[in-house]
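Q: Here it is: the structure, laid out below.
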Amino acid sequence: MHKPRMQLLASFDIASLQYLDQRGQTTQALPDFATPDTLITFYRQMSLARLVDDRAVKLQRTGQLGTYPSTLGQEAIGVGVGGALAKTDVYCPNYRETGALLERGVAIEEILAIWGGDERGQNYRHAREDLPLSVPIATQMLHAAGVAFALKYKHENLDEPMRVAVTSGGDGATSKGDFYEAINLAGDWKLPLVVVINNNQWAISVPRSAQTACKTIAQKAISAGIRGLQVDGNDIIAVREAVTEAISEARNNKGPTLIEAVSYRLCDHTTADDASRYQSKEELQQAWEREPIARLKAYMLSAGIWGDSQEEELQRELAEVLEKSVNVYLNTVKDVPTAMFDHLYQQLPEALLEQYQALQGDD
Amino acid sequence: MAQITLVESITQALAYELNADQRVVVFGEDVGINGGVFRATDGLQQQFGVDRVRDTPLAETMIAGIAVGMAAQGLRPVAEFQFMGFIYPAIDHVLSHAARYRNRTRGRLSCPIVYRAPYGGGIHAPEHHSESMEALFAHIPGLRLVIPSSPARAYGLLLAAIRNPDPVIFLEPKRIYRAVRQEVPDDGDALPLDRAFILREGNDVTLISWGASLKETLAAAEQLSTEGISAEVIDPATLKPLDIHTVIDSLEKTHRCVVVHEAPRFGGLGAEIVAQINEYAFDLLQAPVNRVTGYDTVIPYYRLEDDYLPGVSRIVSAVREVLEYSTGEVK
C-alpha cells in the first residue's frame with residue numbers, strides 16, 4: 001500500500017517543574033528566592049489557608065455559613081499564585097481560592113461574608129481592582145483577558161514593565177470554550193496574562209481522566225500558540241517559581257503563559273457534596289501522602305529552619321488571627337433589604353422606585 | 001448639513017465618542033478594515049487605529065467576556081455582535097457578570113459596556129439573521145435595553161449608552177438602517193435613557209412600537225388619519241427601564257391602545273406594557289389593549305417573512321377592533 005511522505009512542520013514538548021518531592025526532599029537546587037524566611041512565610045500562609053478552610057467547613061456544619069468550597073490540599077497553589085502578583089497586578093479568580101485571596105490582602109471576614117450570603121464581602125478593603133469570585137466555570141478567564149487588554153491599552157510605553165492579569169480555574173474549566181477563547185485571544189493579542197489551572201483531579205465527581213484525552217492540560221497552550229508548562233502543584237517552591245517567571249514575561253510584553261499545577265482535592269467539592277460517593281479511599285489516602293504543607297514542613301525540619309516550639313507559636317498566632325475574624329463575621333448584622341437595589345445601577349432608574357419603596361415599607 | 005441614514009448616525013456617534021473619550025474601545029468581528037458587515041464602523045479603524053477599533057477572533061462568548069474585564073479596568077468597551085442571532089453564546093457574560101458586577105462588588109467595580117447588535121427581520125437574510133429577541137434581555141436585572149428608530153435618536157441614544165455607567169444592550173433595527181435620511185448634527189448631545197418619544201400626536205388611539213415596526217405603525221397611523229382617526233404613536237426606545245408615564249399620559253387622552261412589535265407574542269415586551277397599563281391605568285381604558293406581533297413561531301426563511309412581520313393592514317385592523325370595542329357603557 002502506498003504510504004504518502006509527509007514533512008514534519010512543527011513539534012512540541014511539555015516540561016514539568018518540581019523542587020521538593022513528596023517526602024520533602026529536594027530534586028534540584030532551590031531557586032534563590034527560597035530563603036528560610038520565605039519558606040517560613042509560605043508555611044505560615046498555607047497553614048492559615050488550611051485553618052480558614054477547616055473553620056469555614058465547621059461553621060457550615062453548624063449552620064453559621066452557607067455552602068463553602070474548601071481548598072484542602074491545594075494550598076500551595078493558592079499561596080504560590082496569590083503571593084506572586086505585585087500589589088498593582090490584577091487577580092481574576094475562580095471561586096476556590098481562599099489561599100490566594102488571603103495573599104491578596106482580602107480579609108478572612110470578607111471571605112466568610114461571601115459564603116455567608118453577604119455581597120458586602122466582595123467590596124474588598126484591599127485588592128480593590130481584583131475581580132470578584134467567578135462561580136460560572138471559566139468565565140473569569142475571559143474577564144482576565146479583558147483586564148489584560150485594558151492594562152496593556154492604558155500602559156504608555158511597552159518597553160517599560162506593565163501590570164499583569166492573573167487568572168485561575170480548575171481542570172474542568174479547561175473543557176469550556178471560555179478557557180480556550182481566553183488563551184487564544186491572549187496569544188493573538190499578546191496580552192499580559194497568566195492562566196493557572198489548579199488540576200485537583202476532580203470537577204465535582206468527574207475525574208480529570210474523563211475530562212479530556214490530553215495527556216496534560218499544559219499542552220492545551222500549544223493550540224493557542226502560547227507558552228505552557230506543568231508544575232507540581234503541591235510544591236509551593238515550584239508553583240511560585242513558575243508563576244513569578246510567567247508574570248515577569250507578561251510584564252515585559254512577552255505575552256501569556258498557561259501553567260498547569262497538579263494537585264489533588266482532599267476535600268468534598270463543596271460542603272454540599274459527598275466525595276465518598278465517587279472517590280476511592282485508596283486514592284485519597286495516596287493523595288494525602290503528596291499534600292503540600294507536610295511536604296514543606298518535612299523539608300524545613302530537615303534543613304533545620306523549623307522546630308516544635310516554632311510550630312506551637314505559629315499555631316497559637318494563627319488561631320488568634322482566625323478567632324478575631326470569625327468573631328467579626330459572626331457579629332456582622334445583615335444588610336438592609338433595599339441594598340439589593342442600591343448597587344444594581346449607579347443611579348436607581350425611576351421605573352424601579354415603586355418597587356424600592358414597597359420593599360422599604362416592609363422593613 | 002448632509003442628511004444621513006440610521007447606520008451612518010451610528011458611525012457618527014461612535015466616531016464622536018472615540019474622539020472625545022480615550023477610554024472608548026470598539027471591537028467585534030469585521031469591525032476593522034471592513035467597517036462591519038453593515039458598515040456601522042466604516043472608516044473608524046483608519047481614523048482611530050487598530051488598538052481602538054479592533055477586529056477580534058471569531059468568538060462571541062469572548063467578545064462579551066473581555067468587555068467585562070475591560071470595563072472593570074475603567075475602559076468604555078463598545079462590543080459589536082454581527083447579528084442578534086449570534087448573540088446567544090454571549091448571554092452568560094451579559095447576564096451573569098456584566099449586569100451583576102456592580103451589585104456583586106457593592107459598587108467596587110462596574111461594567112459600563114455597550115453591546116451593539118443589528119436585529120430584526122425583513123432583509124431577506126438566511127436563518128439566524130432576522131430575530132427580534134429583545135425580551136430575553138429586558139428580563140435581566142441590571143441591564144438597560146435601547147432600540148432606536150431614527151438616525152437622530154440612534155445618534156443621541158448611542159452616545160447616552162456609551163456614557164452610561166452601566167451595561168446597555170443596544171439593538172439596531174437593520175431593516176431601517178438605510179430607510180430614511182435625516183440631518184443629524186454632530187454635536188455630541190445625548191438623549192435621556194429613560195424617556196419615551198412621542199412620534200405623532202393623536203386623540204383616538206395610542207400606538208406603541210419600537211425599532212423597524214415603527215415604519216408600519218406610522219404608515220398605519222397615516223392611513224387611519226385619512227379615515228378621520230387620529231392615532232398617537234409612541235416609541236419607548238429605552239425599553240428598560242421603561243417610561244410607562246408617557247404611555248399613561250397618552251391614555252388619558254385616547255383611552256385605547258395597540259402595541260406593535262415584530263418579536264413573538266408570548267412573553268414579548270407587549271405583554272409587559274399591557275400588564276403595566278393594567279396596573280396603572282385600567283380605569284382609563286375603554287377597550288382591552290390589543291397586540292399586533294410576530295407569531296409564536298420561528299421567524300420563517302425569507303420567502304415567508306412578510307407574512308410574519310406585522311404589516312400595515314394588521315395594525316389598522318387591530319386599531320379598528322379597539323375603536324369598535326364597546327362595554328355598553330358610555331364614558
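By convention here, the chains of the C-alpha cells are called A, B, ... in the order presented, each chain's residues are numbered starting at 1, and ligands are numbered starting at 1 in the order presented.
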Please report, as a tab-separated table, each residue of chain A lying at most 7 Å from chain B, together with the nearest pair of atoms and the separation in Å rounded to one decimal; use only C-alpha atoms, and order rows by chain and ascending residue number.
A:
```
residue	atom	partner	partner_atom	distance
A:Glu119	CA	B:Arg104	CA	5.6
A:Arg120	CA	B:Arg106	CA	6.0
A:Gln122	CA	B:Thr105	CA	4.9
A:Asn123	CA	B:Thr105	CA	4.9
A:Arg128	CA	B:Arg108	CA	7.0
A:Pro132	CA	B:Thr105	CA	6.7
A:Leu142	CA	B:Gly65	CA	5.0
A:His143	CA	B:Gly69	CA	4.1
A:Ala144	CA	B:Gly69	CA	5.8
A:Ala145	CA	B:Ile66	CA	5.9
A:Gly146	CA	B:Ile66	CA	3.8
A:Val147	CA	B:Gly69	CA	4.4
A:Phe149	CA	B:Met70	CA	6.9
A:Ala150	CA	B:Met70	CA	5.3
A:Asp178	CA	B:Met62	CA	6.7
A:Glu181	CA	B:Met62	CA	5.9
A:Ala182	CA	B:Met62	CA	6.8
A:Leu185	CA	B:Pro57	CA	6.9
A:His343	CA	B:Asn103	CA	4.6
A:Leu344	CA	B:Asn103	CA	5.1
A:Tyr345	CA	B:Gly142	CA	6.1
A:Gln346	CA	B:Pro165	CA	6.5
A:Pro349	CA	B:Pro241	CA	6.6
A:Ala351	CA	B:Pro241	CA	5.9
```
Q: Include N, CA and C atoms and write out the residues we just selected as a PDB file, in the first residue's frame.
A:
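Output file part-v2.pdb follows:
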```pdb
ATOM      1  N   GLU A 119     -23.164  40.088  49.970  1.00  0.00           N
ATOM      2  CA  GLU A 119     -22.390  40.676  48.872  1.00  0.00           C
ATOM      3  C   GLU A 119     -21.312  41.635  49.364  1.00  0.00           C
ATOM      4  N   ARG A 120     -21.512  42.213  50.530  1.00  0.00           N
ATOM      5  CA  ARG A 120     -20.519  43.183  51.014  1.00  0.00           C
ATOM      6  C   ARG A 120     -19.140  42.562  51.149  1.00  0.00           C
ATOM      7  N   GLN A 122     -17.502  41.081  48.998  1.00  0.00           N
ATOM      8  CA  GLN A 122     -16.676  41.299  47.795  1.00  0.00           C
ATOM      9  C   GLN A 122     -16.329  42.764  47.562  1.00  0.00           C
ATOM     10  N   ASN A 123     -16.758  43.611  48.479  1.00  0.00           N
ATOM     11  CA  ASN A 123     -16.310  45.003  48.415  1.00  0.00           C
ATOM     12  C   ASN A 123     -15.027  45.092  49.233  1.00  0.00           C
ATOM     13  N   ARG A 128      -8.528  46.329  45.596  1.00  0.00           N
ATOM     14  CA  ARG A 128      -9.746  46.980  45.103  1.00  0.00           C
ATOM     15  C   ARG A 128     -10.009  46.700  43.626  1.00  0.00           C
ATOM     16  N   PRO A 132     -14.156  39.993  41.347  1.00  0.00           N
ATOM     17  CA  PRO A 132     -14.836  39.169  42.352  1.00  0.00           C
ATOM     18  C   PRO A 132     -14.708  37.690  41.995  1.00  0.00           C
ATOM     19  N   LEU A 142     -12.014  34.934  30.576  1.00  0.00           N
ATOM     20  CA  LEU A 142     -12.262  35.965  29.563  1.00  0.00           C
ATOM     21  C   LEU A 142     -12.243  37.357  30.189  1.00  0.00           C
ATOM     22  N   HIS A 143     -12.761  37.468  31.407  1.00  0.00           N
ATOM     23  CA  HIS A 143     -12.684  38.770  32.072  1.00  0.00           C
ATOM     24  C   HIS A 143     -11.222  39.154  32.258  1.00  0.00           C
ATOM     25  N   ALA A 144     -10.420  38.155  32.621  1.00  0.00           N
ATOM     26  CA  ALA A 144      -8.994  38.409  32.831  1.00  0.00           C
ATOM     27  C   ALA A 144      -8.320  38.857  31.528  1.00  0.00           C
ATOM     28  N   ALA A 145      -8.728  38.254  30.406  1.00  0.00           N
ATOM     29  CA  ALA A 145      -8.166  38.680  29.122  1.00  0.00           C
ATOM     30  C   ALA A 145      -8.552  40.134  28.844  1.00  0.00           C
ATOM     31  N   GLY A 146      -9.771  40.500  29.206  1.00  0.00           N
ATOM     32  CA  GLY A 146     -10.211  41.895  29.051  1.00  0.00           C
ATOM     33  C   GLY A 146      -9.430  42.832  29.956  1.00  0.00           C
ATOM     34  N   VAL A 147      -9.189  42.389  31.185  1.00  0.00           N
ATOM     35  CA  VAL A 147      -8.368  43.179  32.103  1.00  0.00           C
ATOM     36  C   VAL A 147      -6.968  43.351  31.510  1.00  0.00           C
ATOM     37  N   PHE A 149      -6.041  43.214  28.431  1.00  0.00           N
ATOM     38  CA  PHE A 149      -6.088  44.170  27.322  1.00  0.00           C
ATOM     39  C   PHE A 149      -6.074  45.598  27.861  1.00  0.00           C
ATOM     40  N   ALA A 150      -6.912  45.856  28.865  1.00  0.00           N
ATOM     41  CA  ALA A 150      -7.015  47.215  29.410  1.00  0.00           C
ATOM     42  C   ALA A 150      -5.686  47.663  30.013  1.00  0.00           C
ATOM     43  N   ASP A 178     -14.766  29.081  27.023  1.00  0.00           N
ATOM     44  CA  ASP A 178     -14.250  30.328  27.607  1.00  0.00           C
ATOM     45  C   ASP A 178     -12.742  30.246  27.844  1.00  0.00           C
ATOM     46  N   GLU A 181     -11.057  30.280  24.388  1.00  0.00           N
ATOM     47  CA  GLU A 181     -11.209  31.598  23.768  1.00  0.00           C
ATOM     48  C   GLU A 181     -10.302  32.626  24.456  1.00  0.00           C
ATOM     49  N   ALA A 182     -10.132  32.471  25.766  1.00  0.00           N
ATOM     50  CA  ALA A 182      -9.281  33.412  26.509  1.00  0.00           C
ATOM     51  C   ALA A 182      -7.808  33.236  26.140  1.00  0.00           C
ATOM     52  N   LEU A 185      -7.173  34.347  22.449  1.00  0.00           N
ATOM     53  CA  LEU A 185      -7.113  35.802  22.293  1.00  0.00           C
ATOM     54  C   LEU A 185      -5.824  36.352  22.912  1.00  0.00           C
ATOM     55  N   HIS A 343     -27.075  48.958  44.483  1.00  0.00           N
ATOM     56  CA  HIS A 343     -25.921  48.846  43.589  1.00  0.00           C
ATOM     57  C   HIS A 343     -26.260  48.136  42.285  1.00  0.00           C
ATOM     58  N   LEU A 344     -27.544  48.078  41.972  1.00  0.00           N
ATOM     59  CA  LEU A 344     -27.949  47.442  40.726  1.00  0.00           C
ATOM     60  C   LEU A 344     -27.548  48.323  39.549  1.00  0.00           C
ATOM     61  N   TYR A 345     -27.824  49.596  39.683  1.00  0.00           N
ATOM     62  CA  TYR A 345     -27.373  50.606  38.721  1.00  0.00           C
ATOM     63  C   TYR A 345     -26.652  51.675  39.534  1.00  0.00           C
ATOM     64  N   GLN A 346     -25.854  52.493  38.856  1.00  0.00           N
ATOM     65  CA  GLN A 346     -25.201  53.573  39.602  1.00  0.00           C
ATOM     66  C   GLN A 346     -26.264  54.478  40.224  1.00  0.00           C
ATOM     67  N   PRO A 349     -32.994  53.709  38.480  1.00  0.00           N
ATOM     68  CA  PRO A 349     -33.933  54.243  37.491  1.00  0.00           C
ATOM     69  C   PRO A 349     -35.300  54.513  38.128  1.00  0.00           C
ATOM     70  N   ALA A 351     -38.093  53.977  37.097  1.00  0.00           N
ATOM     71  CA  ALA A 351     -39.031  52.866  36.934  1.00  0.00           C
ATOM     72  C   ALA A 351     -38.953  51.858  38.086  1.00  0.00           C
TER      73      ALA A 351
END
```
Q: Where in range 104-302 of chain B does DSSP assign helix (DSSP H, G or I), given as a PyMOL selection string?
A: chain B and resi 104+134-138+151-163+174-176+213-226+244-254+269-284+302
Q: Do you know which residues are at most 6 Å from Cys257 in chain B counting only C-alpha atoms, after dropping those on the same chain fewer than 4 positions away, and could you put them as JSON, numbers by chain?
A: {"B": [205, 206, 207, 289]}
Q: Pick out each residue of range 178-323 of chain B that DSSP on the backbone tags as strand (DSSP E or B); I need them as an MDAnalysis selection string.
A: chainID B and resid 182:183 197:200 205:209 231:235 238:240 257:264 290:294
Q: Those residues with N, CA and C atoms, as an mmCIF file, in the first residue's frame please?
A:
```cif
data_model
loop_
_atom_site.group_PDB
_atom_site.id
_atom_site.type_symbol
_atom_site.label_atom_id
_atom_site.label_comp_id
_atom_site.auth_asym_id
_atom_site.auth_seq_id
_atom_site.Cartn_x
_atom_site.Cartn_y
_atom_site.Cartn_z
ATOM 1 N N GLN B 182 -31.774 61.835 7.355
ATOM 2 C CA GLN B 182 -32.172 62.897 8.266
ATOM 3 C C GLN B 182 -30.930 63.715 8.585
ATOM 4 N N GLU B 183 -31.120 65.006 8.833
ATOM 5 C CA GLU B 183 -29.994 65.809 9.304
ATOM 6 C C GLU B 183 -29.747 65.475 10.765
ATOM 7 N N PHE B 197 -40.484 58.536 23.380
ATOM 8 C CA PHE B 197 -40.653 59.612 22.395
ATOM 9 C C PHE B 197 -42.061 59.542 21.800
ATOM 10 N N ILE B 198 -42.698 60.695 21.693
ATOM 11 C CA ILE B 198 -43.996 60.748 21.011
ATOM 12 C C ILE B 198 -43.701 61.139 19.565
ATOM 13 N N LEU B 199 -43.926 60.200 18.658
ATOM 14 C CA LEU B 199 -43.559 60.442 17.260
ATOM 15 C C LEU B 199 -44.692 61.112 16.485
ATOM 16 N N ARG B 200 -45.908 60.973 16.978
ATOM 17 C CA ARG B 200 -47.054 61.554 16.290
ATOM 18 C C ARG B 200 -48.139 61.756 17.340
ATOM 19 N N VAL B 205 -56.478 56.941 19.610
ATOM 20 C CA VAL B 205 -55.864 55.667 19.974
ATOM 21 C C VAL B 205 -54.357 55.874 20.128
ATOM 22 N N THR B 206 -53.760 55.119 21.073
ATOM 23 C CA THR B 206 -52.313 55.198 21.284
ATOM 24 C C THR B 206 -51.665 53.960 20.675
ATOM 25 N N LEU B 207 -50.740 54.175 19.750
ATOM 26 C CA LEU B 207 -49.996 53.061 19.164
ATOM 27 C C LEU B 207 -48.583 53.081 19.752
ATOM 28 N N ILE B 208 -48.148 51.932 20.273
ATOM 29 C CA ILE B 208 -46.806 51.844 20.865
ATOM 30 C C ILE B 208 -46.006 50.847 20.047
ATOM 31 N N SER B 209 -44.859 51.267 19.583
ATOM 32 C CA SER B 209 -43.994 50.343 18.861
ATOM 33 C C SER B 209 -42.551 50.827 18.958
ATOM 34 N N ALA B 231 -54.363 58.896 15.518
ATOM 35 C CA ALA B 231 -53.564 57.979 16.344
ATOM 36 C C ALA B 231 -52.330 58.687 16.888
ATOM 37 N N GLU B 232 -52.074 58.447 18.169
ATOM 38 C CA GLU B 232 -50.821 58.920 18.775
ATOM 39 C C GLU B 232 -49.823 57.757 18.694
ATOM 40 N N VAL B 233 -48.589 58.053 18.278
ATOM 41 C CA VAL B 233 -47.594 56.985 18.150
ATOM 42 C C VAL B 233 -46.444 57.245 19.127
ATOM 43 N N ILE B 234 -46.199 56.253 19.963
ATOM 44 C CA ILE B 234 -45.141 56.377 20.976
ATOM 45 C C ILE B 234 -44.047 55.350 20.711
ATOM 46 N N ASP B 235 -42.810 55.816 20.754
ATOM 47 C CA ASP B 235 -41.641 54.939 20.648
ATOM 48 C C ASP B 235 -40.968 54.897 22.015
ATOM 49 N N THR B 238 -36.215 53.379 24.957
ATOM 50 C CA THR B 238 -35.490 52.793 26.090
ATOM 51 C C THR B 238 -36.470 51.807 26.728
ATOM 52 N N LEU B 239 -36.386 50.586 26.276
ATOM 53 C CA LEU B 239 -37.392 49.593 26.694
ATOM 54 C C LEU B 239 -37.165 49.123 28.120
ATOM 55 N N LYS B 240 -35.926 49.263 28.588
ATOM 56 C CA LYS B 240 -35.645 49.010 30.005
ATOM 57 C C LYS B 240 -34.595 49.996 30.461
ATOM 58 N N CYS B 257 -55.561 51.533 23.134
ATOM 59 C CA CYS B 257 -54.129 51.316 22.877
ATOM 60 C C CYS B 257 -53.872 50.026 22.103
ATOM 61 N N VAL B 258 -52.902 50.100 21.204
ATOM 62 C CA VAL B 258 -52.429 48.910 20.488
ATOM 63 C C VAL B 258 -50.899 48.896 20.576
ATOM 64 N N VAL B 259 -50.341 47.745 20.940
ATOM 65 C CA VAL B 259 -48.886 47.602 20.977
ATOM 66 C C VAL B 259 -48.449 46.764 19.771
ATOM 67 N N VAL B 260 -47.420 47.230 19.084
ATOM 68 C CA VAL B 260 -46.951 46.548 17.866
ATOM 69 C C VAL B 260 -45.477 46.166 18.033
ATOM 70 N N HIS B 261 -45.177 44.891 17.889
ATOM 71 C CA HIS B 261 -43.754 44.513 17.821
ATOM 72 C C HIS B 261 -43.579 43.283 16.960
ATOM 73 N N GLU B 262 -42.408 43.175 16.334
ATOM 74 C CA GLU B 262 -42.210 42.033 15.441
ATOM 75 C C GLU B 262 -41.709 40.796 16.173
ATOM 76 N N ALA B 263 -41.318 40.929 17.428
ATOM 77 C CA ALA B 263 -40.911 39.769 18.225
ATOM 78 C C ALA B 263 -42.127 38.885 18.475
ATOM 79 N N PRO B 264 -41.892 37.607 18.806
ATOM 80 C CA PRO B 264 -43.015 36.722 19.109
ATOM 81 C C PRO B 264 -43.896 37.300 20.220
ATOM 82 N N ASN B 290 -54.787 45.942 22.645
ATOM 83 C CA ASN B 290 -54.578 44.940 21.604
ATOM 84 C C ASN B 290 -53.084 44.820 21.289
ATOM 85 N N ARG B 291 -52.688 43.657 20.846
ATOM 86 C CA ARG B 291 -51.287 43.486 20.431
ATOM 87 C C ARG B 291 -51.217 43.009 18.988
ATOM 88 N N VAL B 292 -50.323 43.602 18.219
ATOM 89 C CA VAL B 292 -50.000 43.098 16.876
ATOM 90 C C VAL B 292 -48.528 42.713 16.924
ATOM 91 N N THR B 293 -48.267 41.428 16.756
ATOM 92 C CA THR B 293 -46.889 40.960 16.982
ATOM 93 C C THR B 293 -46.500 39.926 15.938
ATOM 94 N N GLY B 294 -45.247 39.533 15.998
ATOM 95 C CA GLY B 294 -44.853 38.341 15.276
ATOM 96 C C GLY B 294 -45.605 37.162 15.873
#
```
Q: If you count only C-alpha atoms, which residues fall within 7 Å of Thr271 in chain A, apart from same-chain ones fewer than 6 positions away, as an MDAnalysis selection string?
A: chainID A and resid 57 67:69
Q: Please save N, CA and C atoms of the selected residues as a CSV table (one decimal), in the first residue's frame.
A:
```csv
chain,number,residue,atom,x,y,z
A,57,VAL,N,-15.7,25.2,57.0
A,57,VAL,CA,-16.5,23.9,56.9
A,57,VAL,C,-17.2,23.7,58.3
A,67,THR,N,-23.0,27.3,51.8
A,67,THR,CA,-22.1,26.4,51.0
A,67,THR,C,-20.7,27.0,50.9
A,68,TYR,N,-19.7,26.1,51.1
A,68,TYR,CA,-18.3,26.6,51.1
A,68,TYR,C,-17.5,25.6,50.3
A,69,PRO,N,-16.6,26.2,49.4
A,69,PRO,CA,-15.7,25.3,48.7
A,69,PRO,C,-14.3,25.3,49.3
```
Q: Can you list, as an NGL selection string, every protein, DNA or RNA residue that comes within 9 Å of range 89-103 of chain A when you count only C-alpha atoms, leaving out same-chain residues fewer than 5 positions away?
A: :A and (45-46 or 48-50 or 52-53 or 68-71 or 74-84 or 108 or 111 or 127 or 129-141 or 143-144 or 147-148 or 162-170)
Q: Selected residues, C-alpha atoms, written as a short mmCIF file (atom, residue, chain, number, x, y, z; two decimals), in the first residue's frame, please.
A:
```
data_model
loop_
_atom_site.label_atom_id
_atom_site.label_comp_id
_atom_site.auth_asym_id
_atom_site.auth_seq_id
_atom_site.Cartn_x
_atom_site.Cartn_y
_atom_site.Cartn_z
CA GLN A 45 0.27 31.27 54.80
CA MET A 46 -0.56 27.71 53.74
CA LEU A 48 -3.55 29.84 57.66
CA ALA A 49 -5.45 28.90 54.49
CA ARG A 50 -5.96 25.38 55.87
CA VAL A 52 -9.63 29.11 57.46
CA ASP A 53 -10.96 26.28 55.28
CA TYR A 68 -18.34 26.62 51.09
CA PRO A 69 -15.69 25.30 48.67
CA SER A 70 -12.65 24.23 50.64
CA THR A 71 -9.14 24.35 49.16
CA GLN A 74 -4.36 22.81 47.23
CA GLU A 75 -2.87 25.46 49.49
CA ALA A 76 0.43 25.56 47.61
CA ILE A 77 -1.41 26.76 44.52
CA GLY A 78 -3.43 29.44 46.29
CA VAL A 79 -0.47 30.82 48.24
CA GLY A 80 2.04 30.18 45.47
CA VAL A 81 -0.02 32.08 42.90
CA GLY A 82 -1.61 34.78 45.04
CA GLY A 83 1.72 35.86 46.50
CA ALA A 84 3.47 36.02 43.13
CA ILE A 108 -10.83 36.39 56.41
CA ILE A 111 -14.18 35.62 52.57
CA ALA A 127 -7.16 44.47 46.33
CA GLU A 129 -9.15 46.18 41.44
CA ASP A 130 -9.18 42.40 41.77
CA LEU A 131 -12.20 40.80 40.16
CA PRO A 132 -14.84 39.17 42.35
CA LEU A 133 -15.07 35.39 42.65
CA SER A 134 -16.48 33.85 39.50
CA VAL A 135 -18.84 30.97 40.05
CA PRO A 136 -19.78 30.15 36.41
CA ILE A 137 -16.91 27.97 35.27
CA ALA A 138 -14.05 29.56 33.26
CA THR A 139 -15.89 32.83 32.66
CA GLN A 140 -13.29 34.69 34.73
CA MET A 141 -10.61 33.79 32.19
CA HIS A 143 -12.68 38.77 32.07
CA ALA A 144 -8.99 38.41 32.83
CA VAL A 147 -8.37 43.18 32.10
CA ALA A 148 -5.05 42.30 30.45
CA MET A 162 3.49 46.70 32.73
CA ARG A 163 0.81 45.48 35.08
CA VAL A 164 -0.35 41.90 34.62
CA ALA A 165 -3.62 39.98 34.96
CA VAL A 166 -3.53 36.53 36.57
CA THR A 167 -6.49 34.19 36.42
CA SER A 168 -7.16 30.75 37.84
CA GLY A 169 -9.51 27.87 37.27
CA GLY A 170 -9.86 24.15 37.74
#
```
Q: I'd like the interatomic distance between CA of Ser205 in chain A and CA of Gln279 in chain A, to a tenth of an Å.
A: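 Interatomic distance, CA of Ser205 in chain A to CA of Gln279 in chain A: 7.8 Å.
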Q: Extract, using only C-alpha atoms, all DNA, RNA and protein residues at most 10 Å from Glu260 in chain A, discarding same-chain residues fewer than 3 positions from it, and format them as a PDB file with C-alpha atoms, in the first residue's frame.
A:
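Dumped to around34.pdb:
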```
ATOM      1  CA  SER A  16       7.289  19.843  34.225  1.00  0.00           C
ATOM      2  CA  SER A 168      -7.155  30.754  37.842  1.00  0.00           C
ATOM      3  CA  GLY A 169      -9.507  27.867  37.271  1.00  0.00           C
ATOM      4  CA  GLY A 170      -9.860  24.155  37.742  1.00  0.00           C
ATOM      5  CA  ASP A 171      -9.142  21.242  35.414  1.00  0.00           C
ATOM      6  CA  VAL A 195      -3.594  31.470  33.367  1.00  0.00           C
ATOM      7  CA  VAL A 196      -3.117  28.999  36.212  1.00  0.00           C
ATOM      8  CA  ILE A 197      -5.032  25.749  36.205  1.00  0.00           C
ATOM      9  CA  ASN A 198      -5.486  24.063  39.548  1.00  0.00           C
ATOM     10  CA  ASN A 199      -5.645  20.478  38.330  1.00  0.00           C
ATOM     11  CA  THR A 216      -1.500  17.103  30.129  1.00  0.00           C
ATOM     12  CA  ILE A 217      -3.586  20.224  30.479  1.00  0.00           C
ATOM     13  CA  ALA A 218      -0.464  22.296  29.917  1.00  0.00           C
ATOM     14  CA  GLN A 219      -0.361  21.125  26.293  1.00  0.00           C
ATOM     15  CA  LYS A 220      -3.597  22.980  25.603  1.00  0.00           C
ATOM     16  CA  ALA A 221      -1.368  26.056  25.433  1.00  0.00           C
ATOM     17  CA  GLY A 228       2.598  26.184  28.609  1.00  0.00           C
ATOM     18  CA  LEU A 229       4.153  24.126  31.373  1.00  0.00           C
ATOM     19  CA  GLN A 230       3.223  21.817  34.187  1.00  0.00           C
ATOM     20  CA  VAL A 231       4.319  22.218  37.776  1.00  0.00           C
ATOM     21  CA  ASP A 232       3.971  20.057  40.830  1.00  0.00           C
ATOM     22  CA  GLY A 233       1.100  21.947  42.417  1.00  0.00           C
ATOM     23  CA  VAL A 239       4.443  26.955  41.850  1.00  0.00           C
ATOM     24  CA  ALA A 242       6.738  29.184  37.568  1.00  0.00           C
ATOM     25  CA  THR A 257       1.575  31.654  29.773  1.00  0.00           C
ATOM     26  CA  SER A 263      -2.622  18.751  42.892  1.00  0.00           C
TER      27      SER A 263
END
```
Q: How many Å separate CA of Leu30 in chain A from CA of Ile222 in chain A?
A: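 It comes out at 28.3 Å.
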Q: Fewer than 3 positions away in the same chain doesn't count, so skip those; otherwise give me all residues within 9 Å of range 305-315 of chain A, counting only C-alpha atoms, as a PyMOL selection string.
A: chain A and resi 36-37+40+44+47-48+297+299-302+318-320
Q: Which one is closest to Arg23 in chain A: A:Gly361, A:Pro292, A:Gly304, A:Gly63? Count only C-alpha atoms.
A: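 The closest residue to Arg23 in chain A is A:Pro292.
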